[in-house]
file start-v7.txt (compact mmCIF, C-alpha atoms)
# COMPACT_ATOMS: atom_id res chain seq x y z
CA MET X 74 7.25 -4.53 21.59
CA LYS X 75 8.94 -1.17 21.51
CA ILE X 76 11.39 -0.19 18.77
CA LYS X 77 14.27 -0.80 21.18
CA SER X 78 13.26 -4.44 21.55
CA TYR X 79 13.03 -4.81 17.79
CA TYR X 80 16.62 -3.63 17.36
CA LEU X 81 17.68 -5.96 20.16
CA LEU X 82 16.20 -8.88 18.23
CA LEU X 83 17.92 -7.73 15.05
CA LEU X 84 21.27 -7.51 16.83
CA THR X 85 20.68 -10.98 18.29
CA VAL X 86 20.16 -12.43 14.81
CA ILE X 87 23.25 -10.68 13.42
CA SER X 88 25.39 -11.80 16.37
CA PHE X 89 24.11 -15.36 16.18
CA THR X 90 24.71 -15.65 12.45
CA SER X 91 28.25 -14.36 12.90
CA PHE X 92 29.06 -17.63 14.67
CA ALA X 93 27.12 -19.85 12.30
CA GLN X 94 28.97 -22.70 10.65
CA ILE X 95 30.35 -22.21 7.15
CA ASN X 96 31.75 -25.36 5.60
CA TYR X 97 35.37 -25.96 4.69
CA GLU X 98 35.61 -27.13 1.11
CA LYS X 99 38.33 -28.66 -1.02
CA GLY X 100 40.52 -26.02 -2.59
CA TYR X 101 44.04 -24.79 -3.08
CA PHE X 102 46.23 -21.73 -2.79
CA ILE X 103 49.47 -20.72 -4.49
CA ASN X 104 52.12 -18.83 -2.53
CA ASN X 105 54.64 -16.25 -3.74
CA GLY X 106 57.10 -19.02 -4.57
CA ASN X 107 54.53 -20.57 -6.95
CA LEU X 108 54.05 -23.52 -4.59
CA LYS X 109 50.52 -24.94 -4.78
CA THR X 110 48.99 -26.27 -1.54
CA GLU X 111 45.92 -28.52 -1.63
CA CYS X 112 43.78 -27.85 1.41
CA LEU X 113 40.32 -27.17 2.83
CA ILE X 114 39.28 -23.52 2.54
CA LYS X 115 36.51 -21.85 4.53
CA ASN X 116 34.05 -20.84 1.82
CA MET X 117 32.50 -17.51 2.84
CA ASP X 118 30.85 -17.00 -0.59
CA TRP X 119 32.24 -13.49 -0.35
CA GLU X 120 30.00 -10.60 -1.39
CA ASN X 121 33.00 -8.25 -1.21
CA THR X 122 36.40 -9.26 -2.49
CA PRO X 123 38.40 -10.89 0.35
CA THR X 124 41.85 -9.88 1.52
CA GLU X 125 42.61 -13.15 3.36
CA ILE X 126 41.51 -16.76 3.55
CA GLN X 127 41.20 -19.39 6.28
CA TYR X 128 42.28 -22.93 5.54
CA LYS X 129 43.04 -26.33 7.04
CA LEU X 130 45.42 -28.91 5.67
CA ALA X 131 42.97 -31.67 6.65
CA GLU X 132 39.81 -32.23 8.69
CA GLY X 133 40.58 -31.79 12.35
CA SER X 134 43.80 -29.90 11.75
CA GLU X 135 44.52 -26.35 12.90
CA ASP X 136 42.75 -23.42 11.26
CA VAL X 137 45.22 -21.03 9.60
CA LYS X 138 44.73 -17.50 8.25
CA ILE X 139 46.81 -16.25 5.35
CA GLY X 140 46.63 -12.80 3.72
CA ILE X 141 46.79 -11.37 0.23
CA ASN X 142 50.51 -10.55 0.47
CA ASP X 143 51.31 -14.26 0.81
CA VAL X 144 48.79 -15.72 -1.68
CA SER X 145 49.00 -15.18 -5.44
CA GLU X 146 45.94 -17.30 -6.22
CA PHE X 147 43.36 -19.50 -4.52
CA GLY X 148 40.36 -21.52 -5.58
CA ILE X 149 37.56 -23.70 -4.23
CA GLY X 150 36.39 -26.66 -6.30
CA ASN X 151 35.82 -25.87 -9.96
CA ALA X 152 33.54 -22.92 -9.32
CA LEU X 153 35.59 -20.28 -7.51
CA ARG X 154 38.95 -18.76 -8.36
CA TYR X 155 40.65 -15.57 -7.15
CA ILE X 156 43.89 -14.22 -8.63
CA ARG X 157 46.04 -11.50 -7.06
CA TYR X 158 46.90 -8.41 -9.08
CA ASP X 159 48.65 -5.11 -8.49
CA ILE X 160 46.38 -3.12 -10.74
CA ASP X 161 44.84 0.29 -11.43
CA ILE X 162 41.29 0.61 -10.06
CA ASP X 163 38.99 3.56 -10.58
CA GLN X 164 38.37 5.30 -7.24
CA SER X 165 35.34 7.32 -8.40
CA SER X 166 32.35 7.04 -6.11
CA GLU X 167 29.27 5.19 -7.34
CA ASP X 168 27.06 6.85 -4.73
CA LEU X 169 24.67 9.15 -6.61
CA ASN X 170 25.09 11.76 -3.88
CA LEU X 171 28.87 11.79 -4.32
CA LEU X 172 29.28 11.59 -8.10
CA SER X 173 32.00 13.79 -9.54
CA LYS X 174 31.79 16.10 -12.55
CA GLU X 175 34.74 14.36 -14.21
CA ARG X 176 34.08 12.01 -17.10
CA ASN X 177 37.36 10.14 -16.84
CA PRO X 178 38.13 7.56 -14.14
CA VAL X 179 40.47 8.36 -11.25
CA PHE X 180 42.89 5.44 -11.01
CA LYS X 181 44.89 4.18 -8.05
CA ASN X 182 47.14 1.16 -8.08
CA GLU X 183 46.05 -1.42 -5.51
CA ARG X 184 46.87 -4.99 -4.59
CA VAL X 185 43.61 -6.96 -4.80
CA PHE X 186 42.17 -10.34 -5.53
CA LEU X 187 40.09 -10.46 -8.71
CA LYS X 188 37.40 -13.12 -8.95
CA GLN X 189 37.58 -14.92 -12.28
CA LEU X 190 34.15 -15.16 -13.88
CA VAL X 191 35.10 -16.45 -17.35
CA ALA X 192 38.27 -18.24 -18.47
CA GLY X 193 39.43 -18.80 -22.02
CA SER X 194 40.82 -16.78 -24.92
CA ALA X 195 39.33 -13.79 -23.13
CA ASN X 196 39.09 -13.65 -19.35
CA LEU X 197 36.60 -11.70 -17.26
CA TYR X 198 37.20 -10.74 -13.64
CA LEU X 199 35.28 -8.99 -10.88
CA TYR X 200 36.33 -6.76 -8.02
CA SER X 201 33.61 -6.09 -5.42
CA GLY X 202 33.86 -3.39 -2.79
CA VAL X 203 31.39 -1.54 -0.62
CA ASN X 204 28.67 -0.32 -3.00
CA LYS X 205 30.80 -0.83 -6.07
CA LYS X 206 31.61 -3.45 -8.66
CA LYS X 207 34.42 -3.13 -11.19
CA TYR X 208 34.98 -5.57 -14.04
CA PHE X 209 38.36 -6.38 -15.59
CA TYR X 210 39.43 -8.33 -18.66
CA SER X 211 42.42 -9.77 -20.44
CA THR X 212 43.18 -11.58 -23.68
CA LYS X 213 46.28 -13.19 -25.14
CA ASP X 214 47.31 -9.80 -26.47
CA VAL X 215 45.87 -7.48 -23.82
CA PRO X 216 47.10 -7.50 -20.19
CA THR X 217 44.52 -7.40 -17.41
CA LYS X 218 42.86 -3.99 -17.07
CA GLN X 219 39.58 -2.46 -16.01
CA LEU X 220 36.54 -2.17 -18.25
CA ILE X 221 35.68 1.52 -17.94
CA TYR X 222 32.20 2.48 -16.78
CA LYS X 223 31.54 5.66 -14.84
CA GLN X 224 28.53 7.79 -13.98
CA PHE X 225 29.12 11.51 -13.50
CA PHE X 226 27.32 14.84 -13.43
CA LYS X 227 27.64 17.07 -16.46
CA GLN X 228 27.07 20.74 -15.73
CA VAL X 229 24.81 22.45 -18.28
CA ASP X 230 24.01 26.09 -17.48
CA PHE X 231 23.00 25.94 -13.81
CA ASN X 232 21.76 22.35 -13.89
CA GLY X 233 23.57 19.06 -13.46
CA HIS X 234 22.65 16.10 -15.68
CA LEU X 235 23.56 12.48 -14.99
CA GLU X 236 25.82 11.17 -17.73
CA THR X 237 27.55 7.82 -18.25
CA ASN X 238 30.98 7.01 -19.61
CA ASN X 239 30.48 3.66 -21.39
CA PHE X 240 34.02 3.32 -22.72
CA TYR X 241 33.96 -0.41 -21.87
CA ARG X 242 31.95 -0.99 -25.05
CA SER X 243 34.74 0.53 -27.13
CA GLN X 244 37.24 -1.68 -25.29
CA LEU X 245 35.20 -4.78 -26.13
CA PHE X 246 34.82 -3.68 -29.75
CA THR X 247 38.58 -3.21 -30.07
CA ASP X 248 39.94 -6.08 -27.94
CA VAL X 249 37.22 -8.73 -27.62
CA ASN X 250 35.57 -8.93 -31.05
CA CYS X 251 35.53 -12.29 -32.78
CA ASN X 252 33.62 -11.68 -36.00
CA ASN X 253 34.32 -7.98 -36.54
CA ALA X 254 30.94 -7.04 -35.12
CA PRO X 255 29.97 -3.39 -35.72
CA PRO X 256 30.24 -0.88 -32.82
CA LYS X 257 26.47 -0.57 -32.52
CA SER X 258 26.07 -4.25 -31.62
CA PHE X 259 27.95 -3.62 -28.35
CA ASP X 260 25.31 -1.16 -27.13
CA LYS X 261 23.20 -4.06 -25.86
CA ILE X 262 25.97 -5.21 -23.46
CA SER X 263 25.31 -3.75 -20.02
CA TYR X 264 27.86 -3.33 -17.24
CA THR X 265 26.53 -6.28 -15.22
CA GLU X 266 27.91 -9.70 -14.40
CA ASN X 267 25.35 -11.65 -16.41
CA SER X 268 25.57 -9.49 -19.52
CA LEU X 269 29.37 -9.31 -19.60
CA ALA X 270 29.87 -12.99 -18.73
CA LYS X 271 27.48 -14.11 -21.47
CA TYR X 272 29.35 -11.98 -23.99
CA PHE X 273 32.77 -13.31 -22.93
CA GLN X 274 31.39 -16.83 -23.04
CA SER X 275 30.10 -16.36 -26.59
CA TYR X 276 33.42 -14.80 -27.62
CA ASN X 277 35.38 -17.78 -26.28
CA GLN X 278 33.04 -20.21 -28.02
CA CYS X 279 33.57 -18.26 -31.25
CA LYS X 280 37.31 -18.77 -30.68
CA GLY X 281 36.78 -22.51 -30.25
CA ASP X 282 37.13 -22.64 -26.46
CA LYS X 283 35.05 -25.00 -24.35
CA THR X 284 32.65 -23.45 -21.83
CA ASP X 285 34.44 -23.18 -18.50
CA ALA X 286 32.63 -24.82 -15.55
CA LEU X 287 33.70 -21.84 -13.44
CA THR X 288 31.61 -19.62 -15.71
CA GLU X 289 28.55 -21.83 -15.41
CA SER X 290 28.61 -21.65 -11.62
CA SER X 291 29.14 -17.92 -11.39
CA VAL X 292 26.85 -16.63 -14.11
CA ASN X 293 23.92 -18.96 -13.64
CA LYS X 294 23.78 -18.64 -9.89
CA LYS X 295 20.18 -17.64 -9.22
CA GLY X 296 17.78 -17.41 -6.37
CA MET X 297 14.84 -19.75 -6.11
CA PHE X 298 11.24 -19.62 -4.94
CA GLN X 299 9.69 -22.08 -2.51
CA PHE X 300 5.99 -22.47 -1.77
CA LYS X 301 4.89 -23.98 1.54
CA VAL X 302 1.60 -24.83 3.14
CA ILE X 303 1.65 -24.25 6.89
CA ALA X 304 -0.39 -25.40 9.85
CA GLY X 305 0.23 -25.05 13.54
CA ILE X 306 -0.82 -23.95 16.97
CA ASN X 307 -1.09 -20.44 18.37
CA GLN X 308 -0.98 -20.04 22.13
CA SER X 309 -2.32 -16.67 23.26
CA SER X 310 -3.02 -14.82 26.47
CA LEU X 311 -4.94 -11.61 27.09
CA SER X 312 -5.17 -9.27 30.08
CA ILE X 313 -7.26 -6.12 30.38
CA ASP X 314 -6.50 -3.38 32.91
CA ASN X 315 -8.89 -0.70 34.19
CA LEU X 316 -11.83 -2.80 33.06
CA ASP X 317 -14.39 -0.92 35.18
CA TYR X 318 -14.83 1.86 37.70
CA TYR X 319 -12.85 -0.10 40.27
CA LYS X 320 -9.91 -0.46 37.82
CA THR X 321 -10.24 -4.22 37.81
CA THR X 322 -7.76 -6.36 35.89
CA LEU X 323 -9.20 -9.29 33.97
CA ASN X 324 -6.82 -12.10 32.97
CA PHE X 325 -8.03 -14.56 30.36
CA ASP X 326 -6.82 -18.14 30.32
CA ALA X 327 -3.96 -18.93 27.93
CA LYS X 328 -5.50 -20.84 25.05
CA SER X 329 -4.20 -22.91 22.17
CA TYR X 330 -5.97 -22.83 18.82
CA PRO X 331 -5.12 -23.92 15.25
CA VAL X 332 -3.72 -21.74 12.49
CA PHE X 333 -3.59 -22.50 8.74
CA GLY X 334 -1.96 -20.69 5.85
CA ALA X 335 0.63 -20.55 3.07
CA GLN X 336 4.11 -19.11 2.65
CA ILE X 337 6.22 -18.01 -0.31
CA GLU X 338 9.97 -17.86 0.28
CA TYR X 339 12.73 -16.59 -2.00
CA ILE X 340 16.21 -18.01 -1.39
CA LEU X 341 18.72 -15.27 -2.19
CA PRO X 342 21.52 -16.16 -4.64
CA PHE X 343 24.53 -15.36 -2.45
CA ASN X 344 26.30 -16.40 0.75
CA LYS X 345 25.75 -20.08 -0.03
CA ASN X 346 21.93 -19.65 -0.15
CA LYS X 347 21.86 -18.94 3.58
CA TRP X 348 19.58 -15.88 3.37
CA SER X 349 15.97 -15.66 2.24
CA VAL X 350 12.97 -13.36 2.35
CA PHE X 351 9.42 -14.59 2.84
CA VAL X 352 5.78 -13.51 2.83
CA GLU X 353 3.04 -15.44 4.57
CA SER X 354 -0.71 -15.40 5.06
CA SER X 355 -2.64 -17.36 7.72
CA TYR X 356 -6.04 -17.52 9.39
CA SER X 357 -7.08 -18.45 12.95
CA ASN X 358 -9.95 -18.19 15.46
CA TYR X 359 -9.29 -17.27 19.08
CA LYS X 360 -11.59 -17.94 22.04
CA SER X 361 -10.90 -17.68 25.77
CA SER X 362 -12.53 -17.00 29.12
CA GLY X 363 -11.63 -15.34 32.43
CA VAL X 364 -13.23 -14.77 35.82
CA TYR X 365 -14.44 -11.21 36.40
CA THR X 366 -14.97 -10.22 40.05
CA TYR X 367 -16.83 -7.01 40.85
CA ASN X 368 -18.93 -5.40 43.62
CA SER X 369 -22.73 -5.52 43.47
CA ILE X 370 -25.49 -4.41 45.82
CA SER X 371 -25.47 -7.85 47.39
CA GLY X 372 -21.69 -7.88 47.70
CA PRO X 373 -18.75 -9.23 45.65
CA LYS X 374 -19.77 -11.21 42.62
CA SER X 375 -17.83 -13.32 40.11
CA GLU X 376 -18.73 -14.12 36.55
CA THR X 377 -17.05 -16.01 33.73
CA MET X 378 -16.38 -13.71 30.79
CA GLU X 379 -15.79 -14.96 27.26
CA ILE X 380 -14.10 -13.27 24.33
CA LYS X 381 -13.68 -14.32 20.71
CA GLY X 382 -11.44 -13.07 17.97
CA ARG X 383 -10.76 -13.78 14.30
CA PHE X 384 -7.34 -13.18 12.78
CA LEU X 385 -6.12 -12.81 9.21
CA ASP X 386 -2.33 -12.53 9.53
CA LEU X 387 -0.06 -11.11 6.85
CA ALA X 388 3.66 -11.48 7.60
CA ALA X 389 6.92 -10.59 5.85
CA GLY X 390 10.49 -11.04 6.98
CA ILE X 391 14.03 -12.31 6.50
CA ARG X 392 15.45 -15.72 7.33
CA TYR X 393 18.95 -17.05 7.91
CA TYR X 394 19.88 -20.74 7.51
CA MET X 395 22.66 -22.68 9.21
CA PHE X 396 23.35 -25.99 7.48
CA LEU X 397 23.78 -29.12 9.57
CA ASN X 398 24.14 -31.41 6.55
CA ASN X 399 22.77 -31.67 3.01
CA ASP X 400 19.22 -32.35 4.22
CA SER X 401 18.90 -30.50 7.53
CA LYS X 402 19.37 -26.90 8.65
CA ILE X 403 18.54 -24.60 11.54
CA PHE X 404 17.05 -21.22 10.73
CA LEU X 405 16.28 -17.88 12.35
CA SER X 406 13.42 -15.62 11.24
CA LEU X 407 12.81 -11.95 11.92
CA GLY X 408 9.83 -10.09 10.53
CA HIS X 409 6.78 -7.92 10.81
CA ASN X 410 3.27 -9.28 11.26
CA MET X 411 0.10 -7.35 10.47
CA SER X 412 -3.11 -8.87 11.83
CA ILE X 413 -6.50 -7.88 10.47
CA ILE X 414 -8.68 -8.71 13.49
CA LYS X 415 -12.15 -8.58 14.93
CA PHE X 416 -12.69 -9.06 18.67
CA SER X 417 -16.29 -9.49 19.81
CA ASP X 418 -17.88 -7.99 22.94
CA LEU X 419 -17.08 -9.59 26.24
CA LYS X 420 -19.94 -11.97 27.02
CA SER X 421 -21.09 -12.85 30.53
CA GLN X 422 -24.11 -14.12 32.45
CA ASP X 423 -25.05 -10.53 33.26
CA SER X 424 -27.12 -8.57 30.75
CA ASP X 425 -24.88 -5.51 31.14
CA ASN X 426 -21.95 -6.77 29.10
CA ILE X 427 -18.71 -4.85 29.05
CA ASP X 428 -18.03 -3.36 25.65
CA LEU X 429 -14.71 -4.44 24.12
CA THR X 430 -15.54 -4.47 20.44
CA PHE X 431 -12.39 -3.91 18.39
CA GLU X 432 -11.93 -4.14 14.63
CA GLY X 433 -8.77 -3.05 12.91
CA THR X 434 -5.13 -4.05 12.53
CA LEU X 435 -2.39 -5.05 14.92
CA ASN X 436 1.23 -4.50 13.95
CA ARG X 437 3.68 -6.74 15.73
CA TYR X 438 7.25 -7.93 15.36
CA MET X 439 8.05 -11.62 15.35
CA PHE X 440 11.15 -13.70 16.00
CA GLY X 441 11.41 -17.38 15.09
CA LEU X 442 13.76 -20.33 15.54
CA GLY X 443 13.23 -23.46 13.49
CA LEU X 444 14.53 -26.69 12.01
CA SER X 445 14.14 -27.73 8.39
CA HIS X 446 14.60 -31.30 7.11
CA LYS X 447 14.08 -31.93 3.40
CA LYS X 448 10.51 -30.73 2.67
CA LEU X 449 9.41 -30.37 6.30
CA SER X 450 10.05 -27.49 8.68
CA LEU X 451 9.11 -26.75 12.28
CA GLU X 452 9.36 -23.26 13.73
CA ALA X 453 8.69 -21.69 17.13
CA ARG X 454 7.78 -18.00 16.98
CA TYR X 455 7.48 -15.24 19.51
CA TYR X 456 5.31 -12.18 18.77
CA SER X 457 5.56 -8.82 20.49
CA SER X 458 2.63 -7.94 22.77
CA GLN X 459 -0.05 -5.52 21.60
CA ASP X 460 -2.74 -3.35 23.15
CA ILE X 461 -6.12 -4.19 21.56
CA SER X 462 -8.23 -1.78 23.59
CA ASP X 463 -9.72 1.27 21.87
CA TYR X 464 -10.61 2.97 25.14
CA ILE X 465 -8.32 5.76 26.36
CA SER X 466 -8.72 4.80 30.01
CA ARG X 467 -8.34 1.07 29.42
CA THR X 468 -5.21 -0.87 28.46
CA SER X 469 -4.71 -4.45 27.43
CA SER X 470 -1.95 -6.83 26.48
CA PHE X 471 -2.41 -9.53 23.85
CA LYS X 472 0.51 -11.98 23.62
CA ASN X 473 1.08 -15.11 21.64
CA ILE X 474 3.63 -17.66 20.53
CA SER X 475 3.25 -20.07 17.63
CA PHE X 476 4.48 -23.51 16.63
CA ILE X 477 4.35 -23.75 12.84
CA LEU X 478 4.75 -26.90 10.75
CA GLY X 479 5.51 -26.29 7.07
CA TYR X 480 5.54 -28.57 4.04
CA LYS X 481 7.30 -27.49 0.86
CA ILE X 482 5.16 -28.11 -2.23
CA PHE X 483 7.87 -26.92 -4.61
call {"tool": "encode", "arguments": {"input": "start-v7.txt", "output": "C-alpha cells"}}
result
Amino acid sequence: MKIKSYYLLLLTVISFTSFAQINYEKGYFINNGNLKTECLIKNMDWENTPTEIQYKLAEGSEDVKIGINDVSEFGIGNALRYIRYDIDIDQSSEDLNLLSKERNPVFKNERVFLKQLVAGSANLYLYSGVNKKKYFYSTKDVPTKQLIYKQFFKQVDFNGHLETNNFYRSQLFTDVNCNNAPPKSFDKISYTENSLAKYFQSYNQCKGDKTDALTESSVNKKGMFQFKVIAGINQSSLSIDNLDYYKTTLNFDAKSYPVFGAQIEYILPFNKNKWSVFVESSYSNYKSSGVYTYNSISGPKSETMEIKGRFLDLAAGIRYYMFLNNDSKIFLSLGHNMSIIKFSDLKSQDSDNIDLTFEGTLNRYMFGLGLSHKKLSLEARYYSSQDISDYISRTSSFKNISFILGYKIF
C-alpha cells in the first residue's frame, strides 16, 4: 500500500471514532442564578479543558448544549468536577522552541473551567490546554490562583541555558504547609498531577480532612496491560508478473492457513480507556500452487507450480474501542506489520525450476475491525499488498487478510 493509502486509512479511523458513542452519565450543572440541575451529561473524559457541555434531562430527551458563560459549575458522578473562574493564567509558551527569556509569568485574565483534583482544606485544580497544563490552588485563607512554574532561556554570554522558575514550591511552603516543614522538603514535589495531588491529599489528611473520592479517581487513574494469546486464519493470494521470457503471469490459488501468536496491549489512561497501543508476534506457514503455461518445442505446456513460505510477523499499532455495554465493545486497529519471511523456489514437474528464492522482510500496513466480549475477541484484518520478488524485471503482489481470535490471559 502506498503512503497515500495509509493516510486514507488513518483518516477513516479518525472520522469513524468521531461518531463513536460516548455514554451520558448522571451529573449536574449550576447556572448563573445558582440553580442546580440534575441531568445526564455526555462524558467526553476531556483531555483539554472544555468550554461547553452536552446534557439531557432524561434518557430519550433532547440533547442540549450549554456554554461556559451560562454554567458556573458542573460535575459527573463523584469523580469529575469543573468550576468556572475568571482568573489570571500564564500565557508563556511551553514549547521548547518558543520559550521566552523572561523568568516571570505573563498573565492574562480568562474565563475558564478548572478541573478540581483535590478537595478539602486545600484545593487543587487543573487547567489543560494545547501542549500545556497549569495547576491552581486555594485554601481557606488564600483565593484561587496559579501555582507558578515556568521554563525559560537564560542568556549567558552568547549561549542560552534552559532555566526553570519553580516558585510553586515557595507558594506551597508559605500557603500549604501543615507541620511547618522546611523549604528543602518541598524540592521533591514536581509540577505534575500525581505529585501535587499526593501532596495536597497528605496536607488535607494532616488537617483532619477525609480523603475525597474525587481525588482517588483522578490521581489513581492509570493505564493497564493486557496479555492475549491469539490464533486464527490467514487467507493469502500471490501473483507473479513477467515470470519468463514471454512475460507470463502466474496466479496462485488463494489459500487459508493457521497463524498462532501472542499480543501485549496497553490501555491508555484517558478518554474513558477507549485508546490502546499494542505489540504482537505470530508465526505461520504458507503453501499454494498455480498453473504455469508456457511454450515448448512440442507446443504449449502446462505445469502445476508450488511455492512455500514461512512468516514470523512482528506488529505494532493503535486501537480504538467503542463500548456497546459493560462486557462488549467494537474496536478499530491501525498498525504496521513487519514480516521476517523465507519463500522457497518455485517447484514444478520440470527439472528447470524457476528461481524465486526470497529471504528478508516485508513491511506492510494493516487495518482491523473487531468485536471484544469479556476475555474473547475476534478481529478481521486487511494487510497492504507487497512485492516479494527480488528480480528487477519481475514484479509480484502478495496479499492477505486475517481472522484473529484472541483470549485475554490477564
call {"tool": "residues_near_point", "arguments": {"input": "start-v7.txt", "point": "(44.0, -19.4, -2.5)", "cutoff": "7 Å", "atoms": "only C-alpha atoms", "output": "PyMOL selection string"}}
result
chain X and resi 101-103+144+146-148+155
call {"tool": "closest_residue", "arguments": {"input": "start-v7.txt", "among": "X:Ile461, X:Leu449, X:Val191, X:Leu245", "to": "Ile413 in chain X", "atoms": "only C-alpha atoms"}}
result
X:Ile461
call {"tool": "residues_around", "arguments": {"input": "start-v7.txt", "residues": "Ile149 in chain X", "least_positions_apart": "3", "cutoff": "8 Å", "atoms": "only C-alpha atoms", "output": "ChimeraX atom specification"}}
result
/X:98-101,114,116,152-154
call {"tool": "closest_residue", "arguments": {"input": "start-v7.txt", "among": "X:His446, X:Lys347, X:Tyr97, X:Ser469", "to": "Gly133 in chain X", "atoms": "all atoms listed in the file"}}
result
X:Tyr97
call {"tool": "atom_distance", "arguments": {"input": "start-v7.txt", "atom1": "CA of Ser145 in chain X", "atom2": "CA of Asp163 in chain X"}}
result
21.9 Å
call {"tool": "closest_residue", "arguments": {"input": "start-v7.txt", "among": "X:Ser310, X:Ser243, X:Ser166, X:Thr366", "to": "Lys206 in chain X", "atoms": "only C-alpha atoms"}}
result
X:Ser166
call {"tool": "closest_residue", "arguments": {"input": "start-v7.txt", "among": "X:Asp314, X:Asp400, X:Leu199, X:Gly150", "to": "Asn267 in chain X", "atoms": "all atoms listed in the file"}}
result
X:Leu199
call {"tool": "residues_around", "arguments": {"input": "start-v7.txt", "residues": "Ser355 in chain X", "least_positions_apart": "4", "cutoff": "12 Å", "atoms": "all atoms listed in the file", "output": "ChimeraX atom specification"}}
result
/X:301-307,331-337,383-389,410-413,475,477
call {"tool": "write_last_selection", "arguments": {"input": "start-v7.txt", "atoms": "C-alpha atoms", "output": "mmCIF file, in the frame of the given file"}}
result
data_model
loop_
_atom_site.group_PDB
_atom_site.id
_atom_site.type_symbol
_atom_site.label_atom_id
_atom_site.label_comp_id
_atom_site.auth_asym_id
_atom_site.auth_seq_id
_atom_site.Cartn_x
_atom_site.Cartn_y
_atom_site.Cartn_z
ATOM 1 C CA LYS X 301 4.890 -23.980 1.540
ATOM 2 C CA VAL X 302 1.600 -24.830 3.140
ATOM 3 C CA ILE X 303 1.650 -24.250 6.890
ATOM 4 C CA ALA X 304 -0.390 -25.400 9.850
ATOM 5 C CA GLY X 305 0.230 -25.050 13.540
ATOM 6 C CA ILE X 306 -0.820 -23.950 16.970
ATOM 7 C CA ASN X 307 -1.090 -20.440 18.370
ATOM 8 C CA PRO X 331 -5.120 -23.920 15.250
ATOM 9 C CA VAL X 332 -3.720 -21.740 12.490
ATOM 10 C CA PHE X 333 -3.590 -22.500 8.740
ATOM 11 C CA GLY X 334 -1.960 -20.690 5.850
ATOM 12 C CA ALA X 335 0.630 -20.550 3.070
ATOM 13 C CA GLN X 336 4.110 -19.110 2.650
ATOM 14 C CA ILE X 337 6.220 -18.010 -0.310
ATOM 15 C CA ARG X 383 -10.760 -13.780 14.300
ATOM 16 C CA PHE X 384 -7.340 -13.180 12.780
ATOM 17 C CA LEU X 385 -6.120 -12.810 9.210
ATOM 18 C CA ASP X 386 -2.330 -12.530 9.530
ATOM 19 C CA LEU X 387 -0.060 -11.110 6.850
ATOM 20 C CA ALA X 388 3.660 -11.480 7.600
ATOM 21 C CA ALA X 389 6.920 -10.590 5.850
ATOM 22 C CA ASN X 410 3.270 -9.280 11.260
ATOM 23 C CA MET X 411 0.100 -7.350 10.470
ATOM 24 C CA SER X 412 -3.110 -8.870 11.830
ATOM 25 C CA ILE X 413 -6.500 -7.880 10.470
ATOM 26 C CA SER X 475 3.250 -20.070 17.630
ATOM 27 C CA ILE X 477 4.350 -23.750 12.840
#
call {"tool": "residues_near_point", "arguments": {"input": "start-v7.txt", "point": "(31.7, -6.2, -1.0)", "cutoff": "6 Å", "atoms": "only C-alpha atoms", "output": "PyMOL selection string"}}
result
chain X and resi 120-122+201-203
call {"tool": "atom_distance", "arguments": {"input": "start-v7.txt", "atom1": "CA of Asn250 in chain X", "atom2": "CA of Lys223 in chain X"}}
result
22.2 Å
call {"tool": "closest_residue", "arguments": {"input": "start-v7.txt", "among": "X:Trp119, X:Tyr241, X:Tyr276, X:Phe209", "to": "Asp260 in chain X", "atoms": "all atoms listed in the file"}}
result
X:Tyr241
call {"tool": "atom_distance", "arguments": {"input": "start-v7.txt", "atom1": "CA of Thr468 in chain X", "atom2": "CA of Ala453 in chain X"}}
result
27.5 Å
call {"tool": "residues_around", "arguments": {"input": "start-v7.txt", "residues": "Phe404 in chain X", "least_positions_apart": "4", "cutoff": "8 Å", "atoms": "only C-alpha atoms", "output": "ChimeraX atom specification"}}
result
/X:392-395,442-445
call {"tool": "closest_residue", "arguments": {"input": "start-v7.txt", "among": "X:Cys251, X:Ile313, X:Val350, X:Leu235", "to": "Leu171 in chain X", "atoms": "all atoms listed in the file"}}
result
X:Leu235
call {"tool": "residues_around", "arguments": {"input": "start-v7.txt", "residues": "Ser275 in chain X", "least_positions_apart": "2", "cutoff": "12 Å", "atoms": "only C-alpha atoms", "output": "list of chain:residue names"}}
result
X:Val191, X:Ala192, X:Gly193, X:Ser194, X:Ala195, X:Asn196, X:Val249, X:Asn250, X:Cys251, X:Asn252, X:Ser268, X:Leu269, X:Ala270, X:Lys271, X:Tyr272, X:Phe273, X:Asn277, X:Gln278, X:Cys279, X:Lys280, X:Gly281, X:Asp282, X:Lys283, X:Thr284, X:Asp285, X:Thr288
call {"tool": "residues_around", "arguments": {"input": "start-v7.txt", "residues": "Phe180 in chain X", "least_positions_apart": "6", "cutoff": "8 Å", "atoms": "all atoms listed in the file", "output": "list of chain:residue names"}}
result
X:Asp161, X:Ile162, X:Asp163, X:Gln164
call {"tool": "build_atoms", "arguments": {"input": "start-v7.txt", "residues": "range 119-125 of chain X", "atoms": "N, CA and C atoms", "output": "JSON list (two decimals), keeping the file's coordinate frame"}}
result
[["chain", "number", "residue", "atom", "x", "y", "z"],
["X", 119, "TRP", "N", 32.02, -14.90, -0.61],
["X", 119, "TRP", "CA", 32.24, -13.49, -0.35],
["X", 119, "TRP", "C", 31.41, -12.57, -1.24],
["X", 120, "GLU", "N", 30.68, -11.65, -0.64],
["X", 120, "GLU", "CA", 30.00, -10.60, -1.39],
["X", 120, "GLU", "C", 31.02, -9.54, -1.81],
["X", 121, "ASN", "N", 31.91, -9.18, -0.90],
["X", 121, "ASN", "CA", 33.00, -8.25, -1.21],
["X", 121, "ASN", "C", 34.30, -9.02, -1.34],
["X", 122, "THR", "N", 35.15, -8.57, -2.22],
["X", 122, "THR", "CA", 36.40, -9.26, -2.49],
["X", 122, "THR", "C", 37.22, -9.43, -1.21],
["X", 123, "PRO", "N", 37.66, -10.66, -0.90],
["X", 123, "PRO", "CA", 38.40, -10.89, 0.35],
["X", 123, "PRO", "C", 39.82, -10.37, 0.28],
["X", 124, "THR", "N", 40.43, -10.24, 1.44],
["X", 124, "THR", "CA", 41.85, -9.88, 1.52],
["X", 124, "THR", "C", 42.65, -10.97, 2.24],
["X", 125, "GLU", "N", 41.96, -12.03, 2.70],
["X", 125, "GLU", "CA", 42.61, -13.15, 3.36],
["X", 125, "GLU", "C", 41.72, -14.37, 3.26]]
